[in-house]
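Data block for entry_27.txt (compact mmCIF, C-alpha atoms and all ligand atoms):
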# COMPACT_ATOMS: atom_id res chain seq x y z
CA MET A 1 154.43 158.48 141.23
CA ALA A 2 152.82 157.44 144.53
CA SER A 3 153.49 159.82 147.40
CA LYS A 4 156.00 158.93 150.08
CA THR A 5 153.09 158.68 152.51
CA THR A 6 151.40 156.15 150.26
CA GLN A 7 154.53 154.06 149.95
CA HIS A 8 155.07 154.25 153.69
CA ARG A 9 151.52 153.10 154.37
CA VAL A 10 151.78 150.16 151.98
CA ARG A 11 155.10 149.12 153.54
CA ALA A 12 153.61 149.44 157.02
CA ALA A 13 150.68 147.26 155.98
CA ARG A 14 153.06 144.59 154.72
CA LYS A 15 155.05 144.55 157.93
CA GLY A 16 151.97 144.39 160.09
CA GLY A 17 150.45 141.60 158.04
CA THR A 18 146.98 143.04 158.51
CA VAL A 19 145.29 145.73 156.55
CA GLY A 20 143.16 148.40 158.15
CA PRO A 21 140.47 150.27 156.25
CA GLY A 22 142.76 153.24 155.54
CA ILE A 23 145.48 151.02 154.11
CA ALA A 24 142.96 148.99 152.16
CA LYS A 25 141.73 152.23 150.58
CA THR A 26 145.29 153.30 149.81
CA ARG A 27 146.08 149.95 148.23
CA ALA A 28 142.88 149.99 146.21
CA LYS A 29 143.89 153.44 144.98
CA THR A 30 147.39 152.36 143.99
CA VAL A 31 145.98 149.31 142.17
CA ALA A 32 143.53 151.60 140.40
CA GLU A 33 146.49 153.72 139.32
CA ALA A 34 147.64 150.80 137.20
CA ALA A 35 144.81 151.37 134.75
CA PRO A 36 145.87 151.25 131.08
CA GLY A 37 147.68 154.43 130.12
CA ALA A 38 148.31 155.44 133.74
CA THR A 39 151.97 154.47 133.68
CA LYS A 40 154.99 155.71 131.77
CA PRO A 41 155.82 153.63 128.69
CA TRP A 42 158.87 151.36 128.76
CA THR A 43 161.76 151.94 126.40
CA ASN A 44 162.86 149.06 124.16
CA ALA A 45 166.05 148.82 126.19
CA GLU A 46 164.09 148.44 129.43
CA VAL A 47 161.93 145.64 128.03
CA GLU A 48 165.04 143.90 126.73
CA GLU A 49 166.67 144.23 130.16
CA ALA A 50 163.61 142.81 131.96
CA PHE A 51 163.59 139.71 129.77
CA ARG A 52 167.35 139.35 129.98
CA ARG A 53 166.91 139.06 133.75
CA PHE A 54 163.95 136.67 133.49
CA ALA A 55 166.05 134.49 131.18
CA ILE A 56 169.00 134.43 133.59
CA ALA A 57 166.78 133.71 136.58
CA ASN A 58 164.87 130.92 134.84
CA PRO A 59 166.40 129.81 131.51
CA ASN A 60 163.83 127.08 130.84
CA PRO A 61 160.54 128.19 132.31
CA ARG A 62 157.75 125.62 132.40
CA GLY A 63 154.04 125.89 132.98
CA GLU A 64 152.60 124.12 135.97
CA LEU A 65 149.77 122.16 134.39
CA GLN A 66 150.58 118.45 134.24
CA TYR A 67 150.12 116.67 130.93
CA ILE A 68 151.45 113.70 128.99
CA ASN A 69 151.03 114.69 125.33
CA PRO A 70 149.45 117.48 123.25
CA PHE A 71 145.96 116.02 123.77
CA THR A 72 146.21 115.91 127.56
CA LEU A 73 147.75 119.40 127.49
CA LEU A 74 144.73 120.65 125.54
CA VAL A 75 142.34 118.99 127.99
CA ALA A 76 144.25 120.35 131.01
CA VAL A 77 144.16 123.89 129.62
CA VAL A 78 140.42 123.62 128.90
CA LEU A 79 139.89 122.42 132.48
CA SER A 80 141.99 125.27 133.88
CA ALA A 81 139.60 128.04 132.78
CA GLN A 82 138.57 129.92 135.93
CA ALA A 83 140.38 127.31 138.05
CA THR A 84 143.87 127.04 139.48
CA ASP A 85 146.55 124.86 137.90
CA ALA A 86 147.00 123.15 141.29
CA GLY A 87 143.29 122.27 141.39
CA VAL A 88 143.40 120.88 137.85
CA ASN A 89 146.55 118.87 138.64
CA LYS A 90 144.77 117.15 141.51
CA ALA A 91 142.08 115.79 139.21
CA THR A 92 143.88 115.07 135.95
CA PRO A 93 146.25 112.19 136.88
CA ALA A 94 143.29 109.85 137.39
CA LEU A 95 141.59 111.15 134.23
CA PHE A 96 144.69 110.88 132.04
CA LYS A 97 145.49 107.42 133.36
CA LEU A 98 142.20 106.27 131.90
CA ALA A 99 142.13 108.51 128.83
CA ASP A 100 145.23 110.00 127.23
CA SER A 101 143.79 110.14 123.70
CA PRO A 102 140.57 111.44 122.12
CA GLU A 103 139.43 107.87 121.40
CA LYS A 104 139.85 106.77 125.00
CA MET A 105 138.19 109.97 126.26
CA VAL A 106 135.11 109.38 124.10
CA LYS A 107 135.02 105.77 125.26
CA LEU A 108 135.22 106.87 128.89
CA GLY A 109 132.08 108.93 128.35
CA GLU A 110 130.78 112.21 129.72
CA PRO A 111 129.32 110.95 133.06
CA ARG A 112 132.62 109.31 134.03
CA VAL A 113 134.66 112.36 132.94
CA ARG A 114 132.28 114.56 134.94
CA SER A 115 132.77 112.48 138.03
CA LEU A 116 136.58 112.48 137.65
CA ILE A 117 136.76 116.28 137.35
CA LYS A 118 134.00 117.24 139.78
CA THR A 119 136.45 119.06 142.08
CA ILE A 120 137.11 121.60 139.29
CA GLY A 121 134.83 124.61 138.85
CA LEU A 122 132.33 124.48 135.97
CA TYR A 123 132.98 120.76 135.70
CA ARG A 124 129.69 119.91 134.01
CA THR A 125 130.31 122.25 131.07
CA LYS A 126 133.97 121.27 130.94
CA ALA A 127 133.16 117.53 130.83
CA LYS A 128 130.77 118.20 127.96
CA ASN A 129 133.43 120.20 126.10
CA VAL A 130 136.16 117.61 126.67
CA ILE A 131 133.99 114.91 125.11
CA ALA A 132 132.86 117.17 122.27
CA LEU A 133 136.39 118.30 121.43
CA SER A 134 137.61 114.71 121.53
CA ARG A 135 134.89 113.73 119.04
CA GLN A 136 135.85 116.65 116.81
CA LEU A 137 139.55 115.73 116.94
CA ILE A 138 138.69 112.22 115.78
CA ALA A 139 136.27 113.38 113.08
CA ARG A 140 138.32 116.24 111.62
CA HIS A 141 141.95 115.81 112.66
CA ASP A 142 142.59 112.09 112.67
CA GLY A 143 142.69 112.11 116.47
CA LYS A 144 145.57 114.63 116.56
CA VAL A 145 145.70 118.08 118.12
CA PRO A 146 145.98 120.58 115.24
CA ASP A 147 148.91 122.97 115.22
CA ASN A 148 147.09 126.02 113.91
CA ARG A 149 145.01 128.62 115.67
CA GLU A 150 141.94 128.45 113.44
CA ALA A 151 141.47 124.71 113.91
CA LEU A 152 142.17 124.92 117.64
CA GLU A 153 139.70 127.75 118.20
CA ALA A 154 137.04 125.78 116.31
CA LEU A 155 137.14 123.11 119.04
CA PRO A 156 134.43 123.26 121.76
CA GLY A 157 135.61 125.08 124.88
CA VAL A 158 138.76 126.39 123.17
CA GLY A 159 139.26 130.15 122.93
CA ARG A 160 142.22 132.27 121.97
CA LYS A 161 143.99 131.89 125.31
CA THR A 162 143.76 128.09 125.30
CA ALA A 163 144.85 127.96 121.66
CA ASN A 164 147.86 130.15 122.46
CA VAL A 165 148.93 127.93 125.37
CA VAL A 166 148.75 124.83 123.16
CA LEU A 167 150.57 126.54 120.28
CA ASN A 168 153.30 127.75 122.62
CA VAL A 169 153.77 124.71 124.86
CA ALA A 170 153.03 121.83 122.48
CA PHE A 171 154.28 123.33 119.22
CA GLY A 172 156.87 125.90 120.32
CA GLU A 173 155.13 128.86 118.68
CA PRO A 174 156.28 132.29 119.90
CA VAL A 175 152.83 133.37 121.11
CA ILE A 176 151.62 134.74 124.42
CA ALA A 177 148.44 133.57 126.15
CA VAL A 178 147.20 136.44 128.28
CA ASP A 179 145.70 135.07 131.48
CA THR A 180 144.79 136.98 134.60
CA HIS A 181 148.45 137.15 135.73
CA ILE A 182 149.85 138.43 132.45
CA PHE A 183 146.98 140.90 132.12
CA ARG A 184 147.79 142.29 135.56
CA VAL A 185 151.56 142.38 135.06
CA GLY A 186 151.26 143.99 131.62
CA ASN A 187 149.01 146.74 132.96
CA ARG A 188 150.52 147.26 136.38
CA THR A 189 154.11 147.49 135.24
CA GLY A 190 153.13 149.56 132.22
CA MET A 191 154.99 147.19 129.90
CA ALA A 192 151.86 146.28 127.92
CA PRO A 193 148.83 148.29 128.95
CA GLY A 194 145.45 147.30 127.58
CA LYS A 195 141.79 147.23 128.53
CA ALA A 196 141.27 143.69 127.22
CA PRO A 197 143.51 140.59 127.08
CA LEU A 198 143.84 140.83 123.30
CA GLU A 199 145.14 144.39 123.59
CA VAL A 200 147.74 143.30 126.15
CA GLU A 201 148.70 140.34 123.97
CA GLU A 202 149.16 142.53 120.89
CA LYS A 203 151.18 145.05 122.84
CA LEU A 204 153.45 142.33 124.24
CA MET A 205 153.94 140.89 120.77
CA GLN A 206 155.11 144.34 119.68
CA VAL A 207 157.48 145.08 122.55
CA VAL A 208 159.00 141.74 123.60
CA PRO A 209 162.23 141.11 121.67
CA GLY A 210 161.90 138.16 119.28
CA LYS A 211 164.53 136.06 121.01
CA TYR A 212 162.49 136.13 124.23
CA LEU A 213 159.02 135.53 122.73
CA ARG A 214 159.13 131.75 123.00
CA HIS A 215 159.32 131.85 126.80
CA ALA A 216 157.79 135.28 127.54
CA HIS A 217 154.45 133.61 128.25
CA HIS A 218 155.80 131.51 131.13
CA TRP A 219 158.13 134.17 132.53
CA LEU A 220 155.27 136.64 132.81
CA ILE A 221 152.81 134.11 134.27
CA LEU A 222 155.32 132.96 136.88
CA HIS A 223 156.22 136.55 137.70
CA GLY A 224 152.56 137.38 138.24
CA ARG A 225 151.83 134.20 140.16
CA TYR A 226 154.75 134.32 142.57
CA VAL A 227 156.08 137.89 142.71
CA CYS A 228 153.76 140.52 141.28
CA LEU A 229 150.82 139.17 143.25
CA ALA A 230 147.39 140.71 142.77
CA ARG A 231 146.81 141.95 146.30
CA ARG A 232 150.30 142.29 147.65
CA PRO A 233 153.10 142.36 145.09
CA LEU A 234 156.46 141.34 146.51
CA CYS A 235 158.32 144.34 145.13
CA GLU A 236 161.24 143.86 147.53
CA THR A 237 162.18 140.58 145.86
CA CYS A 238 161.26 141.63 142.32
CA ILE A 239 164.08 141.42 139.79
CA ILE A 240 162.52 144.14 137.62
CA ALA A 241 161.63 146.54 140.44
CA ASP A 242 163.86 149.30 139.08
CA LEU A 243 162.25 149.01 135.62
CA CYS A 244 158.62 148.70 136.72
CA LYS A 245 156.53 151.85 136.21
CA TRP A 246 153.81 151.11 138.75
CA PRO A 247 153.32 154.15 140.98
CA GLY A 248 152.45 151.90 143.93
CA LYS A 249 155.59 149.76 143.85
CA THR A 250 157.39 149.57 147.18
CA ALA A 251 160.93 148.83 145.99
CA PHE A 252 162.98 150.86 143.56
CA ALA A 253 166.05 148.69 143.09
CA ALA A 254 166.30 145.10 141.87
CA PRO A 255 168.69 142.59 143.43
CA ALA A 256 171.12 143.29 140.57
CA ALA A 257 173.96 141.37 142.19
CA THR A 258 172.09 138.15 141.48
CA TYR A 259 171.09 138.93 137.91
CA GLY A 260 173.99 141.00 136.66
CA SER A 261 173.83 144.47 135.22
CA SER A 262 172.86 145.41 131.69
S1 LIG B 301 158.09 146.18 141.37
FE1 LIG B 301 157.83 144.09 140.61
S2 LIG B 301 156.40 143.12 142.07
FE2 LIG B 301 156.28 145.34 142.38
S3 LIG B 301 154.56 146.01 141.10
FE3 LIG B 301 156.43 146.21 139.87
S4 LIG B 301 156.64 144.26 138.73
FE4 LIG B 301 155.16 143.96 140.40
Would you mind giving the structure from this file in structure tokens?
Amino acid sequence: MASKTTQHRVRAARKGGTVGPGIAKTRAKTVAEAAPGATKPWTNAEVEEAFRRFAIANPNPRGELQYINPFTLLVAVVLSAQATDAGVNKATPALFKLADSPEKMVKLGEPRVRSLIKTIGLYRTKAKNVIALSRQLIARHDGKVPDNREALEALPGVGRKTANVVLNVAFGEPVIAVDTHIFRVGNRTGMAPGKAPLEVEEKLMQVVPGKYLRHAHHWLILHGRYVCLARRPLCETCIIADLCKWPGKTAFAAPAATYGSS
């Protein structure tokens, strides 16, 4: 548990809006305290309660990447590696207007794809991968996005995380794609500690109740993106603040009136 002085300092930093060297050190320390194994494990009942609240707060969570069909979803996820969804969404409407299928993408050609996505980081490699995966979809899958992990991961530029997003969003599979937000939330809260994304994913698959698995991916991403922020988590507005095991948290009660009690 973080000392009262630590909590006071973090609160003071929030109020002031600026962070002095002492506070920065304190915050760095509290973040470091979220290392795997540093927090108390959650009970099954606590995990169930957290997801019950997520489900009440947002019954139909959606990702923020824009897409038209499974193919454009796959392309959008490939483009989103080491980039923000907002950045990808700025570039993809023009791209998808011209190419919403593997055939049209191949016809558009790599130089044109490159120029349409040049505002996205690593755009040269990504343009190459988008064309290569489109060719592979045509050659091996009749131009369709496959609905199994092995075939997805065999596509250029597609790793486990991308495959999981496509399986979950396009095909409704109860899988969790561990991105930077889920990795942080899993470790910081202590719900699913792990040194690598796969470890966090496996832990989440063990602890999240089956009925919540379908949407757990989006609930956790949105929680990390908008509440449990990397530098300055908004513990005061967090609906799982009472359940969270992070020693550095700055709120100890959730707004239960809004989300009901267990
Ligand atoms: S209380 Fe909520 S916002 Fe704060 S660290 Fe825990 S999960 Fe994140």
inquiry  = Would you pick out the contacts of stretch 68-83 of chain A at 9 Å or less, using only C-alpha atoms, so that residues sharing its chain but fewer than 3 positions from it are not included, and give the list as an NGL selection string?
reply    = :A and (65 or 86-89 or 92 or 96 or 99-102 or 117 or 120-123 or 126-127 or 129-130 or 133-134 or 143-145 or 157-159 or 162-163 or 165-166 or 169-171)
query = Restricting the calculation to only C-alpha atoms and all ligand atoms, which member of A:Gly172, A:Gly224, A:Gly210, A:Gly194 is positioned closest to ligand LIG 301 (chain B)?
reply =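 The answer is A:Gly224, which sits nearest to ligand LIG 301 (chain B).
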key: Neighbourhood of ligand LIG 301 (chain B) at 7 Å, counting all atoms listed in the file, reported as a ChimeraX atom specification   = /A:185,188-189,227-229,233-235,238-242,244-246,248-251
ask   = Neighbours of A:Lys97 within 12 Å (only C-alpha atoms; same-chain residues fewer than 6 positions away dropped), as a list in words?
value = Tyr67, Ile68, Thr72, Ala91, Lys104, Met105, Leu108, Val113 and Leu116 of chain A
Write out the residues from the selection above, keeping C-alpha atoms, as a short mmCIF file (atom, residue, chain, number, x, y, z; two decimals), keeping the file's coordinate frame.
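In the end it all went to part_37.cif:
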data_model
loop_
_atom_site.label_atom_id
_atom_site.label_comp_id
_atom_site.auth_asym_id
_atom_site.auth_seq_id
_atom_site.Cartn_x
_atom_site.Cartn_y
_atom_site.Cartn_z
CA TYR A 67 150.12 116.67 130.93
CA ILE A 68 151.45 113.70 128.99
CA THR A 72 146.21 115.91 127.56
CA ALA A 91 142.08 115.79 139.21
CA LYS A 104 139.85 106.77 125.00
CA MET A 105 138.19 109.97 126.26
CA LEU A 108 135.22 106.87 128.89
CA VAL A 113 134.66 112.36 132.94
CA LEU A 116 136.58 112.48 137.65
#
message = One number please: atom CA of A:Arg114 to atom CA of A:Ala94, in Å, one decimal.
response =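 Separation between atom CA of A:Arg114 and atom CA of A:Ala94: 12.2 Å.
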request  = Skip stretch 218-222 of chain A itself and residues of its chain fewer than 6 positions away, then list as an NGL selection string all residues within 7 Å of it, counting only C-alpha atoms.
outcome  = :A and (54 or 61-63 or 181-182)
ask   = Using all atoms listed in the file, which residue out of A:Arg53, A:Leu213, A:Pro93, A:Ala254 lies closest to A:Glu236?
value =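 Closest candidate: A:Ala254.
For the set A:Ile176, A:Ala253, A:Ala216, A:Ala196, the residue with the smallest atom-to-atom gap to A:Val47 is A:Ala216, counting all atoms listed in the file.
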N, CA and C atoms modelled onto stretch 149-169 of chain A, as a compact mmCIF listing (two decimals), in the frame of the given file:
# COMPACT_ATOMS: atom_id res chain seq x y z
N ARG A 149 145.97 127.92 114.82
CA ARG A 149 145.01 128.62 115.67
C ARG A 149 143.56 128.42 115.23
N GLU A 150 143.31 128.52 113.93
CA GLU A 150 141.94 128.45 113.44
C GLU A 150 141.29 127.12 113.84
N ALA A 151 142.02 126.03 113.60
CA ALA A 151 141.47 124.71 113.91
C ALA A 151 141.32 124.53 115.43
N LEU A 152 142.26 125.05 116.18
CA LEU A 152 142.17 124.92 117.64
C LEU A 152 140.96 125.68 118.17
N GLU A 153 140.80 126.92 117.68
CA GLU A 153 139.70 127.75 118.20
C GLU A 153 138.33 127.23 117.75
N ALA A 154 138.31 126.36 116.75
CA ALA A 154 137.04 125.78 116.31
C ALA A 154 136.59 124.64 117.24
N LEU A 155 137.48 124.21 118.14
CA LEU A 155 137.14 123.11 119.04
C LEU A 155 136.27 123.63 120.20
N PRO A 156 135.30 122.82 120.66
CA PRO A 156 134.43 123.26 121.76
C PRO A 156 135.25 123.57 123.01
N GLY A 157 134.95 124.71 123.63
CA GLY A 157 135.61 125.08 124.88
C GLY A 157 137.00 125.68 124.70
N VAL A 158 137.41 125.87 123.43
CA VAL A 158 138.76 126.39 123.17
C VAL A 158 138.66 127.81 122.62
N GLY A 159 139.21 128.76 123.38
CA GLY A 159 139.26 130.15 122.93
C GLY A 159 140.69 130.53 122.59
N ARG A 160 140.90 131.80 122.38
CA ARG A 160 142.22 132.27 121.97
C ARG A 160 143.30 131.95 123.00
N LYS A 161 142.97 132.12 124.28
CA LYS A 161 143.99 131.89 125.31
C LYS A 161 144.42 130.42 125.32
N THR A 162 143.44 129.52 125.30
CA THR A 162 143.76 128.09 125.30
C THR A 162 144.56 127.72 124.06
N ALA A 163 144.14 128.26 122.91
CA ALA A 163 144.85 127.96 121.66
C ALA A 163 146.30 128.44 121.77
N ASN A 164 146.50 129.61 122.33
CA ASN A 164 147.86 130.15 122.46
C ASN A 164 148.72 129.28 123.37
N VAL A 165 148.15 128.80 124.47
CA VAL A 165 148.93 127.93 125.37
C VAL A 165 149.36 126.67 124.62
N VAL A 166 148.43 126.07 123.90
CA VAL A 166 148.75 124.83 123.16
C VAL A 166 149.79 125.11 122.08
N LEU A 167 149.61 126.21 121.34
CA LEU A 167 150.57 126.54 120.28
C LEU A 167 151.96 126.78 120.86
N ASN A 168 152.01 127.43 122.01
CA ASN A 168 153.30 127.75 122.62
C ASN A 168 153.94 126.52 123.26
N VAL A 169 153.19 125.81 124.07
CA VAL A 169 153.77 124.71 124.86
C VAL A 169 153.95 123.44 124.02
